[in-house]
Structure formats: C-alpha cells, structure tokens
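I have placed the structure first, in the form of structure tokens, so that the comments after it can refer back to it.
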Amino acid sequence: MYQESTATEAASTDGMTALYETVVGGIETFSDFLWGGNWGDQVILPVGPITILLLGTGLYLMIGLRFMPLRQLPRAFRSIFTGGHDKEDGAISPFQALATALSGQVGTGNLAGVATAITLGGPAAIFWMWITALVGMASAYGESMLAVRYREHPKDGNSSVAGGPMYYIRNGLGRSWMWLAVLFAVGTLFSALATGNMIQSNSLTNGLVTALGNGGLMDPDAMSSKMIVGAILAVVTFIVIIGGIKSIGSVAGRVVPAMAVTYVLVALFTLVINIGEVPAAFMSIFQGLFEPQAAAGGFLGASIAAGIRFGVERGLFSNEAGQGSAPIAHAAARTKDPVQQGKIAMVGTFLDTMVICTMTALVILTVTGDFVYNEAGETIGYAWQAGLEGIQVTQGAYASALPMGDWYIALILAFFAFTTILGWSYYGERAIAFLGGEKMVLPFRLVWVAFVFIGALQQVDVIWRLGGIANAAMAAPNLIALLLLSGAIFKITKEHDAKIVDGSLDVDYDASAHVDDAPAAEADGETEVKPEDKPES
C-alpha cells in the first residue's frame with residue numbers, strides 16, 4: 001500500500017510538473033509572438049505586432065507633431081518648475097505628477113531590464129531602446145495631454161480628478177468604444193498586481209534578505225526572514241498609499257529625484273574610472289545593428305531581430321511610453337493646460353531611458369573583470385557575456401568596478417522597487433474605480449497591501465513571464481486610442497503653439513470639462529463632466 005501511495009504521489013507530481021511546463025511554455029510562446037513575431041520555431045512576422053504598433057504609433061505621432069517633442073524638450077524641462085499651480089484644477093503639482101509617473105517608470109527595468117536586453121539581444125538592443133524612447137516621447141506627450149484634456153471629477157469626492165486612457169477612450173471616442181476602455185482597465189489591473197506589485201515586492205525582499213544574510217544579520221534561507229521584510233514593506237506601503245495620490249505624490253516628489261540623481265552620479269563616476277572602455281561600448285552598440293554579436297559565453301547568439309525585439313520590449317518595460325500608465329498620474333496634475341502637462345510627461349520618458357537606462361548600459365558594457373561563465377571555471381571579461389541573468393549582470397559589473405558595488409545595487413533596487421509599488425498602486429486604483437466606482441478604492445488599497453506581503457514570500461517566475469503579455473494588454477488598446485484621437489492631439493497642439501507665436505501663452509483650456517454632453521451623459525452618474533466643444537478627431 002505504501003509503495004502504491006508513493007507511486008501515485010509521484011505520478012501526481014509528474015503530472016503537475018508537466019502541466020506547469022505546458023502553461024509556462026504557452027505563455028512564453030504567446031509573449032514571443034507579441035513582441036518578436038515568432039510562434040515557437042516558426043517566424044510569423046519579422047518583428048512582433050506589439051513592436052510594430054508601438055514604434056509605428058510613436059513615429060506617426062512624432063511626424064504629425066512635426067518633431068515637436070524633440071524641438072521643445074528644453075522648454076519642457078523648464079516648465080517642470082513653473083509655479084502658480086496651487087489654485088488650479090487637480091490634486092498634485094505638475095512636478096509631483098511627473099515624480100509619481102517616474103516612480104512607476106524608474107524601477108527594476110532600469111537595472112535588470114537593461115541587462116536582460118543586452119544579454120538576449122546584444123549591445124545593439126540599447127540602440128532600439130533609444131529609438132523606443134525617442135519616438136515614445138511623442139506617445140508620452142499625446143497620452144498625457146489627452147489624460148488631462150478628458151479627465152473627470154468623481155462626484156463622491158474620494159478623488160478630486162480621475163483620468164487616463166480609459167477616460168479619454170470613453171469621453172473622446174464615445175460609448176461605442178467602451179469595450180476598449182474596459183479592456184485597458186482590466187489589463188491595467190492585471191499588470192499592476194503582477195508586475196507593479198508582486199514582482200517588485202519579491203525583488204526587493206530577495207535583494208534585502210540576501211544582503212542582510214551576507215552581513216550575518218538574518219538567515220537568507222529562512223521563510224521567517226522574508227516574512228519580516230515583507231511585513232515591514234507592507235506596513236510602509238499602507239502608510240503611504242492610504243493617503244491617496246496626494247500622499248504618493250508627496251513621497252515620490254522627495255524620493256524619486258534623490259534616488260535618480262544618486263544613481264546617475266555613481267554611474268558617471270564608474271564610467272570616468274573606466275573611460276578608456278567607453279568608446280568601444282558605443283561602437284559595440286552601433287556595430288550590432290548590422291551583424292550578430294557575441295552573447296552569453298561569447299558565442300554569436302544575438303541576431304539583429306533579437307536586438308530589435310528585446311530593445312523595444314525592455315524599453316517599454318522601462319519607460320512605459322505608449323503603455324498608458326504614466327498618463328494616469330499626469331491626469332492628477334494641477335493645471336488647466338493639457339499641452340504643457342503633456343510636454344512635462346515627455347521629460348519622464350527622456351530621463352528614464354536616455355539618461356538612467358543609458359548609464360546602466362554603459363556600465364555593463366565598459367566594466368571588465370574575471371566573470372566565470374562555465375562549470376570548468378573559465379572566465380570572460382564582461383558580466384553580460386558570463387551567462388548571468390537580469391540583475392546579476394548589473395550587480396556583477398558594479399561589484400567589479402566599486403567596493404561593495406553589489407550592496408549598492410541592492411539598495412538602489414530596493415528604492416526603485418518600493419517607489420514602483422507606490423506609483424502602480426495609484427494606477428490600479430484608478431482602473432478599479434473606473435470599472436466598479438470610487439467605492440472600490442479603499443478595498444483595493446487593502447488588497448494591494450496584502451499582495452505586497454504575498455509577493456515577498458512567493459517565487460514569481462511565472463508572473464515575470466506574464467509581464468510581457470500584461471504590458472501588451474495595456475499598450476494595445478491605448479495605442480489604438482492614440483491613433484484614433486491623433487486628430488485631436490494635432491489640433492490642440494497646433495492651437496497651443498499658435499498662441500506661443502502670437503504671445504498669448506495664457507491658454508485657458510478648462511481641464512475639468514474636456515468633452516461634450518454625449519458620452520458623459522451615459523456615465524451612470526459616477527462622474528461630472530462639464531460641456532465643451534469636442535475636438536475634431
């Protein structure tokens with residue numbers, strides 16, 4: 001009987017393992033198709049449909065805006081610190097809105113995501129991350145401008161403003177497109193709980209437990225260690241998010257700038273002491289555009305297509321331009337000018353990828369050391385070629401360049417992950433409020449805190465694999481909406497720029513109205529939207 005029971009348990013375990021591998025394999029196959037165009041070993045498209053939609057939409061908007069995001073980037077930087085917003089419509093200052101958006105953008109993608117793009121796509125993947133960011137600046141402008149233009153005021157008073165892609169889909173395109181708004185909101189919930197919460201919590205907890213374990217302060221293998229860190233993280237998260245967007249914006253406005261500046265300064269110092277390798281790093285990035293490059297272990301494994309696929313995918317993971325998350329934060333800004341807030345949103349995309357991600361990439365590509373890459377103990381000169389994964393590559397590079405560099409990355413990762421948890425909590429609550437009303441916000445915050453604790457204890461490898469699909473579920477409906485509302489984007493921007501030329505810069509766009517009565521009248525009494533001429537689309 002005992003042997004029969006053992007055999008039955010073994011068969012059951014094998015069956016669960018096979019089911020798990022089948023599910024994971026299916027997830028990977030679908031994600032590969034969305035971003036890379038491959039279905040298994042078969043090439044369906046040269047690049048994935050989401051990649052085409054993301055780059056195509058950004059390029060179309062950039063051309064339609066006559067490259068305004070590039071031409072007016074300096075003006076956008078200056079406008080961040082423009083005062084006089086205290087009495088204007090909204091919940092937080094434009095700077096706090098940018099900081100909140102950056103708290104969601106600047107995260108593990110800037111450290112682990114960049115490393116993954118290089119190891120899987122070669123150094124040329126960084127070029128495609130740059131392209132994604134540059135054309136993404138147009139998408140970031142358009143989506144955040146629309147978010148302010150079409151935001152609403154919930155009547156129950158739990159939130160002074162509510163905006164984002166689900167609102168400009170409903171109010172800009174009308175009720176017939178409500179299905180697209182719902183699809184985006186559901187995708188936002190999925191992405192928030194998976195990649196914005198549990199993955200961040202797990203990464204933060206594992207990093208701190210490992211670092212504290214190395215210092216002899218706790219047992220890194222004990223579940224109790226993770227429970228302690230997870231509980232502290234959950235409590236601190238609750239203290240911040242229970243105050244809503246004003247509390248999140250206040251914390252983000254202090255933590256994010258300090259965190260980003262510190263990271264950039266340390267990265268610049270690392271590059272200065274390795275200055276002789278910097279030209280070769282740039283050369284490897286551009287050389288990979290025309291020929292395959294050595295990947296893990298030194299073999300030629302990174303094709304040109306892989307560079308495009310992983311550069312674009314990880315670029316979106318990092319800067320979120322076109323994904324539709326950042327405009328939810330920018331919709332809360334105290335401003336009457338949608339165009340100016342859209343320009344401020346461009347700055348976030350630029351800082352995230354062109355500055356922070358570039359610093360990470362250059363450190364990985366310049367720092368040399370003796371990195372073991374096989375069981376025989378053979379070494380290779382660069383961490384990204386040593387068969388390491390994700391954050392291990394970045395930690396390896398910094399550890400080789402600086403004393404206690406791995407500790408430094410663990411600390412930076414903890415701050416990045418924590419602020420990402422805060423930013424994405426607001427995105428999730430706006431999605432649940434759109435689907436179920438403002439009464440769902442407080443229960444969602446409690447659920448969010450619970451998931452922070454659960455994520456600290458779990459292995460979330462499947463959720464990591466779901467990340468690409470979750471991002472696509474948000475990006476696709478948002479990018480479709482941007483294309484459909486592109487006429488409004490171009491029209492409003494042209495009117496604003498004309499006022500700059502004739503000197504009447506005080507543009508009195510009433511951002512509390514934004515639409516005519518038609519779509520708002522069917523909003524089931526949840527929101528109040530004042531009438532205004534609807535822009536042509």
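Residue numbers start at 1 in each chain; chains themselves are named A, B, ... in the order of the structure tokens; ligands are numbered from 1 in the order shown.
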Can you tell me which residues surround region 189-196 of chain A at a distance of at most 7 Å, considering only C-alpha atoms, apart from same-chain residues fewer than 4 positions away, and format the answer as a compact mmCIF listing (two decimals) with C-alpha atoms, in the first residue's frame?
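See result-v6.txt below for the written result:
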# COMPACT_ATOMS: atom_id res chain seq x y z
CA ALA A 185 -8.68 48.92 -17.33
CA GLN A 200 8.67 44.44 -7.22
CA THR A 420 7.29 51.47 -8.31
CA ILE A 421 4.91 49.76 -5.87
CA TRP A 424 1.42 51.41 -9.64
CA GLY A 428 -4.50 50.06 -10.14
CA ALA A 431 -8.58 51.17 -13.01
CA ILE A 463 4.45 36.29 -13.28
CA GLY A 467 4.86 40.61 -17.73
CA ALA A 470 0.36 42.17 -19.29
CA ASN A 471 2.15 45.15 -20.81
Pick from A:Ala321, A:Leu208, A:Val186, A:Ala417, whichever lies nearest to Thr57 (chain A) using only C-alpha atoms
A:Ala321
Please determine, counting only C-alpha atoms, which residue among A:Ile469, A:Leu111, A:Val106, A:Leu457 has the shortest atom-to-atom distance to Ala361 (chain A).
A:Leu111
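Across region 309-496 of chain A, DSSP run on the backbone finds strand (DSSP E) at A:Phe371, A:Val372, A:Thr379, A:Ile380.
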